[in-house]
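Q: Handing over input_4.txt, compact mmCIF, C-alpha atoms.
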```txt
# COMPACT_ATOMS: atom_id res chain seq x y z
CA MET A 1 -6.69 16.24 -11.60
CA SER A 2 -3.16 15.41 -12.75
CA PHE A 3 -0.47 13.14 -11.28
CA ASN A 4 -2.40 9.87 -11.27
CA SER A 5 0.55 7.94 -12.73
CA PHE A 6 3.61 6.45 -11.08
CA GLY A 7 6.84 4.92 -12.42
CA HIS A 8 8.97 5.33 -15.53
CA MET A 9 9.64 2.14 -17.50
CA PHE A 10 6.95 0.26 -15.54
CA ARG A 11 4.25 2.91 -15.30
CA VAL A 12 0.94 2.62 -13.43
CA THR A 13 -2.03 4.96 -13.82
CA THR A 14 -4.97 4.41 -11.46
CA TRP A 15 -8.51 5.67 -12.01
CA GLY A 16 -11.91 5.69 -10.31
CA GLU A 17 -13.53 6.81 -7.06
CA SER A 18 -14.68 5.06 -3.90
CA HIS A 19 -18.39 5.33 -4.75
CA GLY A 20 -18.14 5.37 -8.55
CA PRO A 21 -19.15 2.38 -10.68
CA ALA A 22 -15.65 0.91 -10.77
CA ILE A 23 -11.95 1.45 -10.11
CA GLY A 24 -8.89 0.18 -11.91
CA CYS A 25 -5.54 0.91 -13.46
CA VAL A 26 -3.57 0.90 -16.68
CA ILE A 27 -0.08 -0.62 -16.59
CA ASP A 28 2.33 0.46 -19.30
CA GLY A 29 5.77 -1.06 -19.88
CA CYS A 30 5.16 -4.71 -18.98
CA PRO A 31 7.43 -6.84 -21.18
CA PRO A 32 5.77 -9.25 -23.64
CA GLY A 33 5.64 -13.00 -23.27
CA ILE A 34 4.86 -13.23 -19.54
CA PRO A 35 2.03 -15.60 -18.55
CA LEU A 36 -0.71 -13.48 -16.93
CA SER A 37 -4.34 -14.14 -16.08
CA GLU A 38 -6.85 -12.92 -13.50
CA ALA A 39 -5.86 -15.91 -11.36
CA ASP A 40 -2.38 -14.41 -10.95
CA ILE A 41 -3.84 -11.15 -9.61
CA GLN A 42 -6.91 -12.14 -7.58
CA PRO A 43 -5.13 -13.73 -4.58
CA TRP A 44 -3.27 -10.47 -3.89
CA LEU A 45 -6.50 -8.46 -4.07
CA ASP A 46 -8.15 -10.91 -1.69
CA ARG A 47 -5.51 -10.08 0.91
CA ARG A 48 -6.42 -6.38 0.78
CA ARG A 49 -10.19 -6.45 0.28
CA PRO A 50 -12.55 -5.12 2.96
CA GLY A 51 -14.91 -7.15 5.15
CA THR A 52 -12.47 -9.96 5.92
CA SER A 53 -12.61 -9.54 9.74
CA LYS A 54 -14.34 -7.43 12.39
CA PHE A 55 -11.17 -5.30 12.60
CA VAL A 56 -11.55 -3.78 9.11
CA THR A 57 -14.32 -1.91 7.33
CA GLN A 58 -17.43 -4.06 6.80
CA ARG A 59 -17.95 -2.81 3.25
CA GLN A 60 -18.46 -6.03 1.28
CA GLU A 61 -16.50 -5.81 -1.95
CA PRO A 62 -15.44 -9.01 -3.77
CA ASP A 63 -12.80 -6.99 -5.65
CA THR A 64 -13.05 -9.35 -8.61
CA VAL A 65 -10.53 -8.23 -11.23
CA ARG A 66 -10.91 -8.34 -15.00
CA ILE A 67 -8.05 -7.92 -17.48
CA LEU A 68 -9.43 -5.79 -20.32
CA SER A 69 -6.31 -5.48 -22.49
CA GLY A 70 -2.64 -6.31 -22.82
CA THR A 71 -2.83 -10.12 -22.98
CA PHE A 72 -3.49 -12.66 -25.73
CA ALA A 73 -4.13 -16.38 -25.99
CA ASP A 74 -5.19 -18.86 -28.65
CA GLU A 75 -5.32 -22.64 -29.02
CA ARG A 76 -1.52 -22.84 -29.38
CA MET A 77 -0.90 -21.45 -25.89
CA ALA A 78 -1.27 -22.87 -22.43
CA GLY A 79 -2.72 -19.54 -21.29
CA PRO A 80 -2.71 -15.78 -21.87
CA LEU A 81 0.61 -14.00 -22.39
CA THR A 82 1.36 -10.31 -22.06
CA THR A 83 1.74 -8.61 -25.43
CA GLY A 84 3.82 -5.59 -24.40
CA THR A 85 0.81 -3.29 -24.82
CA PRO A 86 -0.94 -1.48 -21.95
CA ILE A 87 -2.64 -3.79 -19.45
CA ALA A 88 -5.98 -2.47 -18.18
CA LEU A 89 -7.41 -3.87 -14.92
CA HIS A 90 -11.06 -3.31 -13.94
CA ILE A 91 -12.66 -3.81 -10.49
CA ASP A 92 -16.36 -3.12 -9.92
CA ASN A 93 -17.63 -1.25 -6.86
CA GLN A 94 -20.58 -3.28 -5.60
CA ASP A 95 -21.30 -2.21 -2.00
CA ALA A 96 -21.07 1.58 -1.85
CA ARG A 97 -23.53 3.24 0.57
CA SER A 98 -23.40 6.88 -0.45
CA LYS A 99 -26.28 7.84 1.87
CA ASP A 100 -23.95 7.35 4.85
CA TYR A 101 -22.10 10.51 3.79
CA GLY A 102 -25.03 12.89 3.36
CA GLY A 103 -24.40 14.41 6.79
CA ILE A 104 -20.86 15.51 5.87
CA ARG A 105 -21.63 16.87 2.40
CA ASP A 106 -20.95 20.45 3.50
CA LYS A 107 -18.53 19.74 6.37
CA PHE A 108 -14.83 18.94 6.46
CA ARG A 109 -13.61 15.93 8.45
CA PRO A 110 -10.65 16.92 10.68
CA GLY A 111 -7.51 14.98 9.77
CA HIS A 112 -9.00 14.03 6.39
CA ALA A 113 -8.18 15.48 2.97
CA ASP A 114 -11.64 17.07 2.63
CA TYR A 115 -10.56 20.67 3.19
CA ALA A 116 -7.34 20.38 1.18
CA TYR A 117 -9.26 19.00 -1.84
CA TRP A 118 -11.88 21.73 -1.54
CA ALA A 119 -9.21 24.44 -1.30
CA LYS A 120 -7.42 23.11 -4.40
CA TYR A 121 -10.27 22.07 -6.70
CA GLY A 122 -13.34 23.88 -5.39
CA VAL A 123 -15.34 20.66 -5.66
CA ARG A 124 -15.06 17.29 -3.94
CA ASP A 125 -16.69 13.88 -4.00
CA TYR A 126 -17.69 13.50 -0.33
CA ARG A 127 -19.05 9.96 -0.87
CA GLY A 128 -16.41 7.92 0.88
CA GLY A 129 -13.77 10.44 -0.06
CA GLY A 130 -13.75 9.90 -3.82
CA ARG A 131 -10.16 9.64 -5.07
CA GLN A 132 -8.77 10.30 -1.60
CA SER A 133 -10.32 7.07 -0.32
CA ALA A 134 -8.18 4.04 0.49
CA ARG A 135 -10.46 2.21 -1.93
CA GLU A 136 -8.06 3.44 -4.64
CA THR A 137 -5.33 1.17 -3.27
CA ALA A 138 -7.04 -1.94 -4.68
CA SER A 139 -5.83 -0.76 -8.09
CA ARG A 140 -2.27 -0.53 -6.77
CA VAL A 141 -2.44 -4.08 -5.42
CA GLY A 142 -3.57 -5.32 -8.83
CA ALA A 143 -0.64 -3.52 -10.47
CA GLY A 144 1.67 -4.94 -7.80
CA ALA A 145 0.62 -8.45 -8.78
CA VAL A 146 1.70 -7.75 -12.36
CA ALA A 147 4.95 -6.24 -11.08
CA ARG A 148 5.70 -9.47 -9.19
CA LYS A 149 5.29 -11.41 -12.44
CA VAL A 150 7.73 -9.04 -14.14
CA LEU A 151 10.29 -9.43 -11.37
CA ASN A 152 10.10 -13.21 -11.45
CA HIS A 153 10.44 -13.08 -15.25
CA LEU A 154 13.55 -10.87 -15.17
CA VAL A 155 15.41 -12.13 -12.10
CA PRO A 156 16.75 -15.72 -11.94
CA GLY A 157 15.37 -17.26 -8.77
CA GLY A 158 12.79 -14.50 -8.47
CA VAL A 159 12.25 -11.68 -5.99
CA THR A 160 10.19 -12.20 -2.82
CA VAL A 161 8.29 -9.21 -1.45
CA ARG A 162 6.47 -9.45 1.88
CA ALA A 163 5.38 -7.16 4.67
CA ALA A 164 4.25 -7.28 8.28
CA MET A 165 2.70 -4.93 10.79
CA ILE A 166 5.26 -4.32 13.54
CA GLN A 167 3.41 -1.76 15.66
CA MET A 168 -0.23 -0.91 16.35
CA GLY A 169 -0.80 2.30 18.25
CA PRO A 170 1.82 2.33 21.04
CA HIS A 171 2.16 -1.48 21.07
CA ALA A 172 5.16 -2.90 19.16
CA ILE A 173 6.10 -6.51 18.46
CA ASP A 174 9.00 -8.39 20.07
CA ARG A 175 11.36 -8.85 17.12
CA ALA A 176 12.96 -11.83 18.87
CA ARG A 177 9.70 -13.72 18.25
CA TRP A 178 9.49 -12.79 14.53
CA ASP A 179 7.86 -15.61 12.54
CA TRP A 180 6.81 -14.85 8.96
CA SER A 181 4.39 -17.77 8.90
CA ALA A 182 2.44 -16.18 11.76
CA CYS A 183 1.45 -13.28 9.48
CA GLU A 184 -1.01 -15.53 7.65
CA GLN A 185 -2.55 -16.78 10.90
CA ASN A 186 -3.92 -13.56 12.40
CA PRO A 187 -5.95 -10.64 11.01
CA PHE A 188 -3.15 -8.11 11.57
CA TRP A 189 -0.33 -9.56 9.43
CA CYS A 190 1.62 -9.67 12.70
CA PRO A 191 4.82 -11.79 12.79
CA ASP A 192 4.65 -12.12 16.60
CA PRO A 193 1.73 -14.37 17.66
CA GLN A 194 1.77 -13.23 21.29
CA THR A 195 1.57 -9.57 20.35
CA ALA A 196 -1.18 -10.33 17.81
CA GLU A 197 -3.37 -11.64 20.64
CA ARG A 198 -2.89 -8.44 22.63
CA TRP A 199 -3.60 -6.33 19.55
CA GLY A 200 -6.96 -8.07 19.21
CA ASP A 201 -8.07 -6.91 22.67
CA TYR A 202 -6.64 -3.43 22.14
CA LEU A 203 -8.25 -2.87 18.75
CA GLU A 204 -11.59 -4.25 19.92
CA GLY A 205 -11.65 -1.52 22.56
CA VAL A 206 -10.74 1.10 19.96
CA ARG A 207 -13.45 -0.17 17.59
CA LYS A 208 -16.19 -0.22 20.23
CA ALA A 209 -15.26 3.32 21.26
CA GLY A 210 -15.79 4.47 17.66
CA SER A 211 -12.17 5.64 17.51
CA SER A 212 -9.11 4.59 15.50
CA THR A 213 -5.39 3.95 15.86
CA GLY A 214 -2.25 4.08 13.74
CA ALA A 215 0.35 1.48 12.78
CA ILE A 216 3.85 0.84 11.43
CA ILE A 217 4.42 -1.63 8.59
CA GLU A 218 7.75 -3.15 7.55
CA VAL A 219 8.29 -4.25 3.92
CA LEU A 220 11.08 -6.61 2.90
CA ALA A 221 12.27 -7.58 -0.60
CA GLU A 222 14.68 -10.51 -0.95
CA GLY A 223 16.46 -11.59 -4.11
CA VAL A 224 17.05 -8.05 -5.39
CA PRO A 225 20.39 -8.17 -7.27
CA PRO A 226 23.04 -5.48 -6.78
CA GLY A 227 23.07 -2.54 -9.16
CA TRP A 228 19.46 -1.38 -9.36
CA GLY A 229 18.98 2.36 -8.96
CA ALA A 230 20.93 5.48 -9.89
CA PRO A 231 23.26 7.69 -7.80
CA LEU A 232 21.44 11.03 -7.93
CA TYR A 233 17.91 11.65 -9.15
CA GLY A 234 16.80 8.07 -9.70
CA LYS A 235 17.79 6.52 -6.39
CA LEU A 236 16.09 3.26 -5.53
CA ASP A 237 15.40 4.40 -1.97
CA GLN A 238 14.18 7.79 -3.23
CA ASP A 239 11.57 6.14 -5.45
CA LEU A 240 10.65 3.63 -2.76
CA ALA A 241 10.12 6.41 -0.22
CA SER A 242 7.96 8.29 -2.71
CA ALA A 243 5.89 5.18 -3.49
CA LEU A 244 5.25 4.34 0.16
CA MET A 245 4.52 7.95 1.08
CA SER A 246 1.89 8.04 -1.69
CA ILE A 247 -0.21 5.43 0.14
CA ASN A 248 -3.26 6.92 1.84
CA ALA A 249 -2.70 7.99 5.49
CA VAL A 250 1.09 7.40 5.43
CA LYS A 251 2.96 10.11 7.36
CA GLY A 252 6.49 8.73 7.57
CA VAL A 253 8.89 6.43 5.68
CA GLU A 254 12.32 5.10 6.58
CA ILE A 255 14.83 2.84 4.82
CA GLY A 256 16.94 0.35 6.78
CA ALA A 257 17.78 1.70 10.22
CA GLY A 258 16.11 4.95 9.19
CA PHE A 259 15.76 7.57 11.91
CA ALA A 260 17.49 5.29 14.43
CA ALA A 261 20.74 5.77 12.45
CA ALA A 262 20.91 9.33 13.76
CA ALA A 263 21.89 7.91 17.16
CA PHE A 264 24.54 5.54 15.77
CA SER A 265 28.26 6.16 15.65
CA GLY A 266 30.05 5.76 12.35
CA GLU A 267 31.36 2.41 13.57
CA ASP A 268 27.89 1.22 14.53
CA ASN A 269 26.29 2.33 11.29
CA ALA A 270 28.86 0.86 8.87
CA ASP A 271 27.70 -2.39 7.26
CA GLU A 272 31.08 -4.17 7.33
CA MET A 273 31.92 -6.56 4.50
CA ARG A 274 33.81 -9.81 4.06
CA SER A 275 34.55 -11.76 0.91
CA GLY A 276 31.63 -12.99 -1.09
CA PRO A 277 30.62 -10.22 -0.70
CA GLN A 278 29.05 -10.84 2.69
CA PHE A 279 27.63 -7.97 4.73
CA LEU A 280 27.79 -8.28 8.51
CA SER A 281 24.75 -6.03 9.04
CA ASN A 282 22.11 -4.22 7.00
CA HIS A 283 21.60 -0.78 8.53
CA ALA A 284 21.45 0.62 4.97
CA GLY A 285 18.38 -1.43 4.16
CA GLY A 286 20.00 -2.96 1.09
CA ILE A 287 20.63 0.37 -0.64
CA LEU A 288 23.81 2.47 -0.71
CA GLY A 289 24.17 5.63 -2.77
CA GLY A 290 20.73 4.99 -4.21
CA ILE A 291 21.79 1.61 -5.64
CA SER A 292 20.88 -1.86 -4.40
CA THR A 293 23.67 -3.90 -2.77
CA GLY A 294 22.19 -7.37 -3.12
CA GLN A 295 21.07 -7.41 0.50
CA PRO A 296 17.37 -7.49 1.42
CA VAL A 297 15.71 -4.15 0.72
CA VAL A 298 14.01 -3.02 3.94
CA ALA A 299 11.58 -0.14 4.42
CA ARG A 300 9.05 0.90 7.05
CA PHE A 301 6.14 3.30 6.91
CA ALA A 302 3.90 4.85 9.55
CA VAL A 303 0.13 5.04 9.01
CA LYS A 304 -1.89 7.62 10.94
CA PRO A 305 -5.20 6.75 12.65
CA THR A 306 -8.23 6.63 10.37
CA SER A 307 -9.72 10.15 10.20
CA SER A 308 -13.36 8.99 9.95
CA ILE A 309 -14.40 8.36 13.57
CA LEU A 310 -17.65 8.38 15.55
CA THR A 311 -16.42 10.83 18.21
CA PRO A 312 -17.78 14.36 17.57
CA ARG A 313 -15.02 16.73 16.41
CA ARG A 314 -14.92 20.49 15.89
CA THR A 315 -14.67 21.66 12.28
CA ILE A 316 -15.98 24.18 9.73
CA ASP A 317 -18.35 23.89 6.78
CA VAL A 318 -17.90 24.99 3.17
CA GLN A 319 -19.08 28.51 4.08
CA GLY A 320 -16.43 28.74 6.80
CA HIS A 321 -18.90 28.46 9.69
CA GLU A 322 -17.77 26.65 12.83
CA THR A 323 -19.66 23.42 13.51
CA ASP A 324 -19.25 19.88 14.83
CA ILE A 325 -19.00 16.67 12.83
CA LEU A 326 -19.63 12.99 13.55
CA THR A 327 -18.78 10.56 10.74
CA LYS A 328 -21.11 7.63 10.10
CA GLY A 329 -20.49 4.73 7.76
CA ARG A 330 -18.12 1.77 7.67
CA HIS A 331 -14.47 2.51 8.41
CA ASP A 332 -11.27 0.75 9.44
CA PRO A 333 -10.42 1.24 13.13
CA CYS A 334 -6.81 0.67 12.01
CA VAL A 335 -6.33 1.36 8.31
CA GLY A 336 -2.76 0.08 8.68
CA ILE A 337 -4.03 -3.51 8.57
CA ARG A 338 -5.05 -3.32 4.91
CA ALA A 339 -2.03 -1.14 4.15
CA VAL A 340 0.22 -4.21 4.55
CA PRO A 341 -0.54 -5.72 1.09
CA VAL A 342 -0.54 -2.19 -0.37
CA GLY A 343 3.01 -1.65 0.92
CA GLU A 344 4.05 -4.93 -0.69
CA ALA A 345 2.49 -3.84 -3.98
CA MET A 346 4.28 -0.49 -4.03
CA MET A 347 7.62 -2.16 -3.25
CA ALA A 348 7.05 -4.60 -6.13
CA ILE A 349 6.11 -1.78 -8.55
CA VAL A 350 9.23 0.22 -7.70
CA LEU A 351 11.47 -2.82 -8.06
CA ALA A 352 9.92 -3.80 -11.41
CA ASP A 353 10.44 -0.26 -12.66
CA HIS A 354 14.09 -0.27 -11.60
CA ALA A 355 14.67 -3.76 -13.01
CA LEU A 356 13.53 -2.51 -16.43
CA ARG A 357 15.54 0.71 -16.11
CA HIS A 358 18.66 -1.28 -15.22
CA ARG A 359 18.12 -3.66 -18.16
CA GLY A 360 17.71 -0.69 -20.49
CA GLN A 361 20.97 0.95 -19.43
CA CYS A 362 23.22 -1.95 -18.45
CA GLY A 363 21.76 -4.92 -20.29
```
Could you express the structure from this file as structure tokens?
A:
Amino acid sequence: MSFNSFGHMFRVTTWGESHGPAIGCVIDGCPPGIPLSEADIQPWLDRRRPGTSKFVTQRQEPDTVRILSGTFADERMAGPLTTGTPIALHIDNQDARSKDYGGIRDKFRPGHADYAYWAKYGVRDYRGGGRQSARETASRVGAGAVARKVLNHLVPGGVTVRAAMIQMGPHAIDRARWDWSACEQNPFWCPDPQTAERWGDYLEGVRKAGSSTGAIIEVLAEGVPPGWGAPLYGKLDQDLASALMSINAVKGVEIGAGFAAAAFSGEDNADEMRSGPQFLSNHAGGILGGISTGQPVVARFAVKPTSSILTPRRTIDVQGHETDILTKGRHDPCVGIRAVPVGEAMMAIVLADHALRHRGQCG
């Protein structure tokens, strides 16, 4: 299987399967001299890990990270520093229950990647989905933590990356009540406390029914200086869209106003400017012509409902025979919840890559 790497100057390669002994990643291109230890990475992994509430999969994984290479420390240093060599991160799988998947060994889950993998490779790891499992995203979150360190090393004042869930199923937040601090106070990373309460009742009904629902996540990066990106084949928004679309179960990505801009007039869509420069709006999402403007970079992505559900569905088996399937095991009723820190990580990785590209070309 090829194409397990992402990025150019800051390049991430992930490895491992959902029910293998471990997962992890190798990060190439991190500049030397940046303080980095497991303590810098673990808090971000803790935000994504399973089993943290009744609304996510009950698989109990501590997701404890180990740095295997790429840092060095001795008695002269306050702590480990990056050396400029590849950084390898390792996370053990400790609570895989492969027996839960015996009943689907020869069947394809509708809406899942089972059939597509089988058609391409002729073999698949059905235990939790193997590489197609959202378990792989823990590696991305670890890499995203390193990317944040790079951004804060390169950019005076640092870059802040954060995300929130703005819609669950058909139920959207009231943006007039947006409060970033509320995201840390509910299990949905919801910036609207009133909507978060309603989501709890809604998702509890979905969970008890053995079904699932989708979500929309908004990611915001503040402190990005103007000039990152390239006009044609290295656009910042192009790479950001690719990064977010690569997350498991994502079916749509938009930058700034996104699809809503199709209904705007030219006057409505233009982000007018005054001296400073000061922009009077941000329909462009902080990116024009593929290059950052200095405004907040804003992106949203839509996550489909989890494909593994308890409701019987019609399908076929590996011989092409028609059959029914019912998926057992532990699954997220809304996989979009744990996609929030993954979206942050992918934004940070893209920005770190473009920060290094910009430094290489423009100093």
Q: Against range 63-77 of chain A, which residues of range 103-197 of chain A fall within 12 Å? For each one I want the closest pair of atoms and the distance in Å (one decimal), counting only C-alpha atoms, rows by chain and increasing residue number, as a tab-separated table.
A:
```
residue	atom	partner	partner_atom	distance
A:Arg135	CA	A:Asp63	CA	10.2
A:Glu136	CA	A:Asp63	CA	11.5
A:Thr137	CA	A:Asp63	CA	11.3
A:Ala138	CA	A:Asp63	CA	7.7
A:Ser139	CA	A:Val65	CA	9.4
A:Val141	CA	A:Asp63	CA	10.8
A:Gly142	CA	A:Val65	CA	7.9
A:Ala143	CA	A:Val65	CA	11.0
A:Ala145	CA	A:Val65	CA	11.4
A:Val146	CA	A:Ile67	CA	11.0
```
Q: Between A:Thr160, A:Gln238, A:Gln132, A:Thr315, which one has atoms that come closest to Leu288 in chain A, using all atoms listed in the file?
A: A:Gln238
Q: Which one of A:Gly144, A:Gly200, A:Pro43, A:Gly258 sits closest to Pro62 in chain A if you count all atoms listed in the file?
A: A:Pro43
Q: Kindly give the distance, in Å, that separates CA of Ala119 in chain A and CA of Gly320 in chain A, rounded to a single decimal.
A: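 Computing it gives 11.7 Å between the two atoms.
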Q: With all atoms listed in the file as the basis for distance, which of A:Ile217, A:Ile291, A:Val335, A:Val253 is at the shortest distance from His354 in chain A?
A: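 So, comparing all the options, the nearest one is A:Ile291.
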Q: At a cut-off of 7 Å around the point (-13.6, 1.3, -3.6) (file coordinates), what residues fall inside when counting only C-alpha atoms? I'd like the answer as an MDAnalysis selection string.
A: chainID A and resid 17:19 23 93 135:136
